[in-house]
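With compact mmCIF, C-alpha atoms inside, this is model.txt:
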```txt
# COMPACT_ATOMS: atom_id res chain seq x y z
CA MET A 1 2.57 14.68 -6.82
CA VAL A 2 1.67 13.96 -3.20
CA LYS A 3 3.77 16.06 -0.80
CA SER A 4 3.56 14.25 2.56
CA LEU A 5 4.88 10.79 3.36
CA VAL A 6 2.61 7.78 2.98
CA ILE A 7 3.33 4.31 4.27
CA ALA A 8 2.10 1.21 2.45
CA ASP A 9 1.68 -2.37 3.52
CA ASN A 10 2.21 -5.43 1.38
CA THR A 11 -1.42 -5.73 0.20
CA VAL A 12 -1.26 -2.54 -1.84
CA ILE A 13 2.28 -3.07 -3.12
CA SER A 14 1.49 -6.62 -4.20
CA ASN A 15 -1.57 -5.54 -6.18
CA PHE A 16 0.51 -3.14 -8.26
CA ALA A 17 3.37 -5.63 -8.56
CA LEU A 18 1.01 -8.34 -9.80
CA VAL A 19 0.04 -6.18 -12.77
CA LYS A 20 3.60 -4.88 -13.16
CA ARG A 21 2.56 -1.26 -12.62
CA GLU A 22 4.45 -0.16 -9.53
CA ASP A 23 5.36 2.86 -11.68
CA ILE A 24 1.92 4.26 -10.80
CA LEU A 25 2.89 4.33 -7.13
CA CYS A 26 6.16 6.02 -8.03
CA ARG A 27 4.46 8.61 -10.23
CA ILE A 28 1.85 9.52 -7.61
CA PHE A 29 3.98 9.43 -4.47
CA GLY A 30 7.60 9.56 -5.66
CA SER A 31 10.15 9.71 -2.85
CA ASN A 32 7.30 10.12 -0.33
CA PHE A 33 6.26 6.49 -0.79
CA CYS A 34 7.42 4.46 2.21
CA VAL A 35 7.30 0.92 3.51
CA THR A 36 8.77 -0.73 6.58
CA GLN A 37 11.47 -3.36 6.66
CA GLU A 38 8.77 -5.84 7.72
CA VAL A 39 6.73 -5.04 4.59
CA LEU A 40 9.80 -5.35 2.40
CA THR A 41 10.54 -8.76 3.96
CA GLU A 42 6.98 -9.93 3.22
CA LEU A 43 7.25 -8.67 -0.36
CA LYS A 44 10.61 -10.35 -0.96
CA ARG A 45 9.24 -13.62 0.47
CA GLY A 46 6.37 -13.39 -2.03
CA GLU A 47 8.84 -12.79 -4.85
CA GLU A 48 10.99 -15.76 -3.78
CA ARG A 49 7.90 -17.99 -3.74
CA LYS A 50 6.89 -16.67 -7.19
CA VAL A 51 3.57 -15.43 -5.77
CA VAL A 52 4.49 -11.89 -6.78
CA PRO A 53 6.73 -11.03 -9.74
CA ASN A 54 10.14 -9.53 -9.04
CA ARG A 55 9.97 -5.79 -9.53
CA ASP A 56 12.32 -2.87 -8.91
CA TRP A 57 11.60 -1.37 -5.49
CA THR A 58 14.91 0.48 -5.09
CA TRP A 59 13.09 3.83 -5.29
CA VAL A 60 10.98 3.08 -2.19
CA ARG A 61 11.92 4.69 1.12
CA VAL A 62 12.22 2.14 3.97
CA LEU A 63 11.28 3.35 7.45
CA GLU A 64 12.27 1.64 10.69
CA LEU A 65 10.58 1.60 14.07
CA GLN A 66 12.53 4.24 15.99
CA SER A 67 10.91 5.27 19.23
CA PRO A 68 9.76 3.39 22.30
CA ARG A 69 6.20 4.48 21.41
CA GLU A 70 6.48 2.90 17.97
CA SER A 71 7.84 -0.32 19.48
CA ALA A 72 5.03 -0.42 22.04
CA LEU A 73 2.39 0.19 19.36
CA PHE A 74 3.97 -2.51 17.22
CA GLN A 75 3.63 -5.02 20.07
CA LEU A 76 0.02 -3.95 20.64
CA PHE A 77 -0.98 -4.15 16.96
CA SER A 78 0.91 -7.44 16.49
CA ALA A 79 -1.59 -9.17 18.76
CA SER A 80 -4.14 -9.04 15.95
CA LEU A 81 -2.24 -8.20 12.75
CA GLY A 82 0.84 -9.32 10.83
CA LYS A 83 4.22 -7.65 11.20
CA GLY A 84 3.86 -5.58 8.03
CA GLU A 85 0.51 -4.07 8.95
CA SER A 86 1.58 -3.61 12.57
CA SER A 87 4.79 -1.82 11.67
CA CYS A 88 3.00 0.48 9.21
CA LEU A 89 0.25 1.31 11.71
CA SER A 90 2.80 1.99 14.45
CA ILE A 91 4.80 4.41 12.33
CA ALA A 92 1.68 6.03 10.82
CA ALA A 93 0.21 6.63 14.28
CA SER A 94 3.45 7.96 15.73
CA ARG A 95 4.49 10.17 12.79
CA ASN A 96 1.03 11.26 11.57
CA LEU A 97 1.32 9.55 8.18
CA LYS A 98 -1.37 8.30 5.83
CA MET A 99 -1.44 4.52 5.52
CA LEU A 100 -2.12 2.59 2.34
CA THR A 101 -3.67 -0.83 2.96
CA ASP A 102 -6.40 -3.09 1.66
CA ASP A 103 -6.37 -5.27 4.78
CA LEU A 104 -9.80 -4.81 6.40
CA ASP A 105 -8.60 -5.41 9.96
CA ALA A 106 -5.73 -2.96 9.52
CA ARG A 107 -8.10 -0.38 8.05
CA LYS A 108 -10.49 -0.71 10.99
CA LEU A 109 -7.65 -0.32 13.47
CA ALA A 110 -6.32 2.68 11.54
CA TYR A 111 -9.73 4.38 11.56
CA ARG A 112 -10.08 3.77 15.32
CA SER A 113 -6.58 5.19 15.82
CA GLY A 114 -7.28 8.31 13.74
CA ILE A 115 -4.90 7.31 10.95
CA PRO A 116 -5.95 8.41 7.45
CA VAL A 117 -6.26 5.36 5.18
CA SER A 118 -6.50 4.66 1.49
CA GLY A 119 -5.79 1.61 -0.63
CA THR A 120 -5.64 0.20 -4.12
CA ILE A 121 -8.99 1.69 -5.19
CA GLY A 122 -8.05 5.14 -3.89
CA ILE A 123 -4.71 5.01 -5.67
CA LEU A 124 -6.30 4.00 -8.97
CA VAL A 125 -8.85 6.82 -8.61
CA GLN A 126 -6.03 9.27 -7.89
CA ALA A 127 -4.17 7.99 -10.96
CA VAL A 128 -7.21 8.81 -13.11
CA ARG A 129 -7.75 12.22 -11.47
CA THR A 130 -4.11 13.17 -12.05
CA GLU A 131 -4.28 11.84 -15.63
CA ILE A 132 -1.67 9.16 -15.11
CA LEU A 133 -4.30 6.68 -16.33
CA SER A 134 -7.54 6.98 -18.23
CA LEU A 135 -10.65 5.60 -16.55
CA SER A 136 -10.61 2.74 -19.05
CA GLU A 137 -6.97 1.91 -18.28
CA ALA A 138 -7.62 2.02 -14.52
CA ASN A 139 -10.66 -0.25 -14.86
CA THR A 140 -8.59 -2.68 -16.93
CA LEU A 141 -5.87 -2.70 -14.25
CA LEU A 142 -8.49 -3.24 -11.54
CA ALA A 143 -9.95 -6.19 -13.46
CA ASP A 144 -6.43 -7.59 -13.94
CA MET A 145 -5.71 -7.23 -10.21
CA MET A 146 -8.98 -8.99 -9.40
CA SER A 147 -8.15 -11.82 -11.79
CA LYS A 148 -4.89 -12.25 -9.86
CA GLY A 149 -6.61 -12.47 -6.47
CA TYR A 150 -7.41 -8.93 -5.31
CA PHE A 151 -10.76 -8.89 -3.50
CA SER A 152 -12.04 -5.52 -4.63
CA PRO A 153 -15.09 -3.94 -3.03
CA VAL A 154 -16.12 -2.67 -6.48
CA ASP A 155 -16.01 -4.02 -10.03
CA THR A 156 -15.22 -0.68 -11.67
CA LEU A 157 -14.04 2.77 -10.63
CA ASP A 158 -16.85 4.52 -12.50
CA GLU A 159 -18.78 5.50 -9.36
CA PHE A 160 -15.78 7.41 -8.00
CA LEU A 161 -15.13 9.55 -11.06
```
The structure in this file should be written as structure tokens.
Amino acid sequence: MVKSLVIADNTVISNFALVKREDILCRIFGSNFCVTQEVLTELKRGEERKVVPNRDWTWVRVLELQSPRESALFQLFSASLGKGESSCLSIAASRNLKMLTDDLDARKLAYRSGIPVSGTIGILVQAVRTEILSLSEANTLLADMMSKGYFSPVDTLDEFL
């Protein structure tokens, strides 16, 4: 189980929702898995539009922008990113959290800001390493995510394990 807080944007959450395996996020991160209200709003909008299936997210911790620094960073990041990514980056930068995103622009900004980043591939690899999934199961989930629109940088997880 991961001990420190992580904050995820909608890209990662949606990938696991699309294959109805948000339980993997819960098993790896537990109560340390966080989103922002902006991410939750994006997710709910996707559920309402039937783009993403309705799933149970009641276990997820929701963080709010709290400080003037976070609000200023949010405004800065919002010039080039959506509200979900911007809110996650702002909180991650301010509170020294790891961010989970598959959005390339958000990842680049995170790297430049010194924010540790992972995404769907990293989570699937971690699920195999912690024996939540077998490599075969993780590869099947990855293929399922890709069939539902995830633009993965790899076809299988084999090279990581």
Need to verify the contact set: A:Glu22, 12 Å, only C-alpha atoms, exclusion of same-chain residues closer than 4 positions in sequence. Can you return it as a short mmCIF file (atom, residue, chain, number, x, y, z; two decimals) with C-alpha atoms, keeping the file's coordinate frame?
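Dumped everything to selection23.cif:
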```
data_model
loop_
_atom_site.label_atom_id
_atom_site.label_comp_id
_atom_site.auth_asym_id
_atom_site.auth_seq_id
_atom_site.Cartn_x
_atom_site.Cartn_y
_atom_site.Cartn_z
CA VAL A 12 -1.26 -2.54 -1.84
CA ILE A 13 2.28 -3.07 -3.12
CA SER A 14 1.49 -6.62 -4.20
CA ASN A 15 -1.57 -5.54 -6.18
CA PHE A 16 0.51 -3.14 -8.26
CA ALA A 17 3.37 -5.63 -8.56
CA LEU A 18 1.01 -8.34 -9.80
CA CYS A 26 6.16 6.02 -8.03
CA ARG A 27 4.46 8.61 -10.23
CA ILE A 28 1.85 9.52 -7.61
CA PHE A 29 3.98 9.43 -4.47
CA GLY A 30 7.60 9.56 -5.66
CA PHE A 33 6.26 6.49 -0.79
CA PRO A 53 6.73 -11.03 -9.74
CA ASN A 54 10.14 -9.53 -9.04
CA ARG A 55 9.97 -5.79 -9.53
CA ASP A 56 12.32 -2.87 -8.91
CA TRP A 57 11.60 -1.37 -5.49
CA THR A 58 14.91 0.48 -5.09
CA TRP A 59 13.09 3.83 -5.29
CA VAL A 60 10.98 3.08 -2.19
CA THR A 120 -5.64 0.20 -4.12
CA ILE A 123 -4.71 5.01 -5.67
CA LEU A 124 -6.30 4.00 -8.97
CA ALA A 127 -4.17 7.99 -10.96
CA LEU A 141 -5.87 -2.70 -14.25
#
```
Out of A:Ile91, A:Val154, A:Leu100, A:Leu43, which residue has the shortest atom-to-atom distance to A:Glu64 when counting all atoms listed in the file? A:Ile91
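Minimum atom-to-atom distance to A:Leu142, evaluated using all atoms listed in the file, belongs to A:Thr156 out of A:Thr130, A:Thr156, A:Ser90, A:Ser80.
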Residues at most 9 Å from A:Glu85, counting only C-alpha atoms, excluding those fewer than 6 positions away in the same chain, as a PyMOL selection string? chain A and resi 8-10+38-39+77-78+101+103+106
Could you save the residues just selected, with C-alpha atoms, as a JSON list (two decimals), in the coordinates of the input?
```
[["chain", "number", "residue", "atom", "x", "y", "z"],
["A", 8, "ALA", "CA", 2.10, 1.21, 2.45],
["A", 9, "ASP", "CA", 1.68, -2.37, 3.52],
["A", 10, "ASN", "CA", 2.21, -5.43, 1.38],
["A", 38, "GLU", "CA", 8.77, -5.84, 7.72],
["A", 39, "VAL", "CA", 6.73, -5.04, 4.59],
["A", 77, "PHE", "CA", -0.98, -4.15, 16.96],
["A", 78, "SER", "CA", 0.91, -7.44, 16.49],
["A", 101, "THR", "CA", -3.67, -0.83, 2.96],
["A", 103, "ASP", "CA", -6.37, -5.27, 4.78],
["A", 106, "ALA", "CA", -5.73, -2.96, 9.52]]
```
Need the neighbours of (3.5, 9.7, 10.1): which residues are at most 12 Å away, counting all atoms listed in the file, as a PyMOL selection string? chain A and resi 4-8+32-35+63-65+70+87-100+114-117
Please report the interatomic distance between atom CA of A:Phe74 and atom CA of A:Thr41 in Å with one decimal.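 Straight-line distance from atom CA of A:Phe74 to atom CA of A:Thr41 works out to 16.1 Å.
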